[in-house]
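S.K.: Structure: query.pdb, PDB, C-alpha atoms.
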```pdb
ATOM      1  CA  MET E   1     110.476  51.324 116.191
ATOM      2  CA  VAL E   2     112.964  51.285 113.318
ATOM      3  CA  ARG E   3     116.599  50.770 114.299
ATOM      4  CA  TYR E   4     119.563  51.872 112.248
ATOM      5  CA  ASP E   5     123.171  52.860 112.723
ATOM      6  CA  TYR E   6     124.022  56.525 112.135
ATOM      7  CA  LEU E   7     127.395  57.442 110.651
ATOM      8  CA  LYS E   8     128.533  61.033 110.109
ATOM      9  CA  ALA E   9     130.979  61.310 107.228
ATOM     10  CA  ARG E  10     133.739  63.885 107.534
ATOM     11  CA  SER E  11     134.737  63.675 103.867
ATOM     12  CA  VAL E  12     133.415  62.527 100.507
ATOM     13  CA  LYS E  13     136.023  59.761 100.538
ATOM     14  CA  GLU E  14     134.776  58.477 103.899
ATOM     15  CA  ALA E  15     131.137  58.513 102.725
ATOM     16  CA  ILE E  16     132.039  56.583  99.565
ATOM     17  CA  GLY E  17     133.967  54.050 101.639
ATOM     18  CA  TRP E  18     130.948  53.427 103.856
ATOM     19  CA  LEU E  19     128.670  53.149 100.825
ATOM     20  CA  LYS E  20     130.951  50.488  99.395
ATOM     21  CA  GLU E  21     131.035  48.683 102.731
ATOM     22  CA  TYR E  22     127.285  48.706 103.426
ATOM     23  CA  GLY E  23     125.907  48.730  99.868
ATOM     24  CA  SER E  24     122.131  48.631  99.570
ATOM     25  CA  ARG E  25     121.741  48.467 103.362
ATOM     26  CA  ALA E  26     122.840  52.120 103.594
ATOM     27  CA  MET E  27     121.130  55.386 102.760
ATOM     28  CA  LEU E  28     122.718  58.816 102.381
ATOM     29  CA  ILE E  29     121.121  61.778 104.128
ATOM     30  CA  ALA E  30     121.864  65.483 104.176
ATOM     31  CA  GLY E  31     119.372  67.232 106.439
ATOM     32  CA  GLY E  32     117.389  64.058 106.787
ATOM     33  CA  THR E  33     113.941  65.566 107.311
ATOM     34  CA  ASP E  34     112.301  63.924 104.290
ATOM     35  CA  VAL E  35     114.179  60.640 104.794
ATOM     36  CA  MET E  36     113.090  60.387 108.426
ATOM     37  CA  VAL E  37     109.450  60.868 107.412
ATOM     38  CA  GLY E  38     109.897  58.088 104.824
ATOM     39  CA  ILE E  39     111.399  55.773 107.441
ATOM     40  CA  LYS E  40     108.503  56.417 109.835
ATOM     41  CA  GLN E  41     106.015  55.743 107.025
ATOM     42  CA  GLY E  42     107.772  52.487 106.150
ATOM     43  CA  LYS E  43     108.932  53.681 102.716
ATOM     44  CA  PHE E  44     112.593  53.162 103.629
ATOM     45  CA  ALA E  45     114.222  50.632 105.938
ATOM     46  CA  PRO E  46     117.964  51.308 105.918
ATOM     47  CA  GLU E  47     120.234  49.527 108.346
ATOM     48  CA  VAL E  48     122.704  52.411 108.161
ATOM     49  CA  LEU E  49     122.196  56.145 107.646
ATOM     50  CA  ILE E  50     125.271  57.969 106.359
ATOM     51  CA  SER E  51     125.059  61.687 107.049
ATOM     52  CA  LEU E  52     126.792  64.029 104.625
ATOM     53  CA  ARG E  53     125.919  67.087 106.717
ATOM     54  CA  GLY E  54     129.437  67.667 108.018
ATOM     55  CA  ILE E  55     131.125  67.732 104.609
ATOM     56  CA  GLU E  56     131.618  71.460 104.114
ATOM     57  CA  GLU E  57     133.145  71.069 100.641
ATOM     58  CA  LEU E  58     129.669  70.090  99.367
ATOM     59  CA  SER E  59     128.009  73.359 100.416
ATOM     60  CA  TYR E  60     128.756  76.247  98.057
ATOM     61  CA  ILE E  61     127.354  78.711  95.542
ATOM     62  CA  ARG E  62     129.888  80.023  93.060
ATOM     63  CA  PRO E  63     130.030  81.397  89.542
ATOM     64  CA  GLU E  64     132.147  79.573  86.970
ATOM     65  CA  ASP E  65     132.438  81.041  83.489
ATOM     66  CA  GLN E  66     128.851  81.694  82.370
ATOM     67  CA  ARG E  67     127.413  79.165  84.825
ATOM     68  CA  LEU E  68     126.515  78.864  88.465
ATOM     69  CA  LYS E  69     127.737  75.891  90.495
ATOM     70  CA  ILE E  70     125.685  74.836  93.499
ATOM     71  CA  GLY E  71     126.994  72.218  95.904
ATOM     72  CA  ALA E  72     124.941  69.153  96.795
ATOM     73  CA  LEU E  73     124.550  70.250 100.434
ATOM     74  CA  THR E  74     123.595  73.839  99.690
ATOM     75  CA  THR E  75     120.266  74.470 101.416
ATOM     76  CA  HIS E  76     117.223  76.161  99.940
ATOM     77  CA  ARG E  77     117.715  78.875 102.548
ATOM     78  CA  GLN E  78     121.283  79.534 101.347
ATOM     79  CA  LEU E  79     120.006  79.814  97.777
ATOM     80  CA  GLU E  80     117.238  82.133  98.898
ATOM     81  CA  ARG E  81     119.657  84.433 100.721
ATOM     82  CA  SER E  82     122.418  84.450  98.104
ATOM     83  CA  GLU E  83     123.147  87.937  96.842
ATOM     84  CA  LEU E  84     124.909  86.420  93.822
ATOM     85  CA  ILE E  85     121.772  84.531  92.814
ATOM     86  CA  ARG E  86     119.502  87.534  93.345
ATOM     87  CA  GLU E  87     121.768  89.818  91.307
ATOM     88  CA  ARG E  88     122.802  87.539  88.426
ATOM     89  CA  PHE E  89     120.355  84.654  88.252
ATOM     90  CA  GLY E  90     116.908  86.203  88.658
ATOM     91  CA  ALA E  91     114.921  83.223  87.358
ATOM     92  CA  LEU E  92     116.581  80.960  89.922
ATOM     93  CA  ALA E  93     115.934  83.506  92.676
ATOM     94  CA  ASP E  94     112.240  83.482  91.734
ATOM     95  CA  ALA E  95     112.122  79.671  91.594
ATOM     96  CA  VAL E  96     113.733  79.285  95.023
ATOM     97  CA  GLN E  97     110.839  81.238  96.534
ATOM     98  CA  ASN E  98     108.487  78.425  95.484
ATOM     99  CA  LEU E  99     110.470  75.414  96.706
ATOM    100  CA  GLY E 100     109.005  73.255  99.430
ATOM    101  CA  SER E 101     110.777  72.087 102.556
ATOM    102  CA  VAL E 102     112.945  75.190 103.033
ATOM    103  CA  GLN E 103     115.416  74.539 105.851
TER     104      GLN E 103
END
```
Give the structure from this file in structure tokens form.

M.R.:
Amino acid sequence: MVRYDYLKARSVKEAIGWLKEYGSRAMLIAGGTDVMVGIKQGKFAPEVLISLRGIEELSYIRPEDQRLKIGALTTHRQLERSELIRERFGALADAVQNLGSVQ
């Protein structure tokens, strides 16, 4: 059984601080599904998992000028359900339908 410490960051600043503290012994996770599979398969062996899941400022979909900004913690499901994406970014809406690991 793989053992690791689990830390849940409440801010980007806190996550960066832990990354500096633990360095290569740490791994960032969002949902964690794919990372946990990798750990079980022996692909990863972090001593510390730093969860970004609670950092709400990283989950957003918003238009800016002629572009669309998507936050790092925005899920495939949020993209799939976004009215903004369906109405203004049709190619992205189509692509989201074909992504794996929808959560």

S.K.: Quick one: pull the distance between atom CA of E:Asp34 and atom CA of E:Asp5, Å, one decimal.

M.R.: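 About the pair atom CA of E:Asp34 and atom CA of E:Asp5: they are 17.7 Å apart.
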
S.K.: Please list, as an MDAnalysis selection string, the residues that have an atom at most 12 Å away from (126.4, 53.6, 99.3) in the coordinates of this file, counting only C-alpha atoms.

M.R.: chainID E and resid 9 12:29 46:52

S.K.: Going by the chain IDs and residue numbers used in this file, which residues fall under the PyMOL selection byres ((chain E and resi 82-86) around 12)? Write them as a list of chain:residue names.

M.R.: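 After applying the PyMOL selection byres ((chain E and resi 82-86) around 12), what remains is E:Tyr60, E:Ile61, E:Arg62, E:Pro63, E:Arg67, E:Leu68, E:Lys69, E:Ile70, E:Thr74, E:Thr75, E:His76, E:Arg77, E:Gln78, E:Leu79, E:Glu80, E:Arg81, E:Glu87, E:Arg88, E:Phe89, E:Gly90, E:Ala91, E:Leu92, E:Ala93, E:Asp94, E:Ala95, E:Val96, E:Gln97.
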
S.K.: For E:Gly32, which residue among E:Ser59, E:Val2, E:Ser11, E:Leu73 is the nearest when counting all atoms listed in the file?

M.R.: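 Residue with the minimum atom-to-atom distance to E:Gly32: E:Leu73.
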
S.K.: As an exercise, work out the distance from atom CA of E:Lys8 to atom CA of E:Glu56 in Å and give it to one decimal place.

M.R.: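 Going from atom CA of E:Lys8 over to atom CA of E:Glu56, I get 12.4 Å.
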
S.K.: May I ask for the distance between atom CA of E:Val35 and atom CA of E:Gly54, given in Å to one decimal place?

M.R.: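 Computed distance, atom CA of E:Val35 to atom CA of E:Gly54, equals 17.1 Å.
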
S.K.: Choose the residue, out of E:Val37, E:Ala45, E:Leu58, E:Leu99, that has the smallest atom-to-atom separation from E:Tyr4; count all atoms listed in the file.

M.R.: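 Checking each candidate against E:Tyr4, we get E:Ala45 as the closest.
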
S.K.: Output, as lines of an AutoDock Vina configuration file, the centre and edge lengths in Å (one decimal) of the axis-aligned box that contains all listed atoms of stretch 31-41 of chain E with 5 Å of margin on each side.

M.R.:
```
center_x = 112.7
center_y = 61.5
center_z = 107.1
size_x = 23.4
size_y = 21.5
size_z = 15.5
```

S.K.: Should you be able to, write stretch 40-78 of chain E of this structure into a file that contains C-alpha atoms, as a compact mmCIF listing (two decimals), in the first residue's frame.

M.R.:
```
# COMPACT_ATOMS: atom_id res chain seq x y z
CA LYS E 40 -1.85 2.29 -7.84
CA GLN E 41 -0.06 1.25 -11.04
CA GLY E 42 3.28 2.42 -9.64
CA LYS E 43 3.71 5.23 -12.18
CA PHE E 44 3.82 7.87 -9.44
CA ALA E 45 5.12 7.67 -5.88
CA PRO E 46 4.57 11.07 -4.27
CA GLU E 47 5.15 11.54 -0.57
CA VAL E 48 2.66 14.42 -0.55
CA LEU E 49 -0.49 15.06 -2.59
CA ILE E 50 -1.53 18.71 -2.72
CA SER E 51 -5.19 19.06 -3.67
CA LEU E 52 -6.22 22.18 -5.56
CA ARG E 53 -9.90 21.18 -5.49
CA GLY E 54 -10.94 23.77 -2.92
CA ILE E 55 -9.50 26.77 -4.77
CA GLU E 56 -12.63 28.27 -6.29
CA GLU E 57 -10.76 31.05 -8.09
CA LEU E 58 -9.36 28.40 -10.47
CA SER E 59 -12.78 27.23 -11.69
CA TYR E 60 -14.35 29.59 -14.23
CA ILE E 61 -15.50 30.06 -17.81
CA ARG E 62 -15.57 33.67 -18.96
CA PRO E 63 -15.28 35.67 -22.15
CA GLU E 64 -12.49 38.24 -22.43
CA ASP E 65 -12.30 40.38 -25.55
CA GLN E 66 -12.45 37.93 -28.46
CA ARG E 67 -11.25 35.01 -26.33
CA LEU E 68 -12.57 32.54 -23.82
CA LYS E 69 -10.76 32.01 -20.52
CA ILE E 70 -11.14 28.65 -18.81
CA GLY E 71 -9.81 28.11 -15.31
CA ALA E 72 -7.46 25.24 -14.51
CA LEU E 73 -10.03 23.53 -12.26
CA THR E 74 -12.96 23.85 -14.65
CA THR E 75 -14.32 20.34 -15.20
CA HIS E 76 -15.24 18.75 -18.51
CA ARG E 77 -18.81 18.63 -17.23
CA GLN E 78 -18.83 22.40 -16.62
```
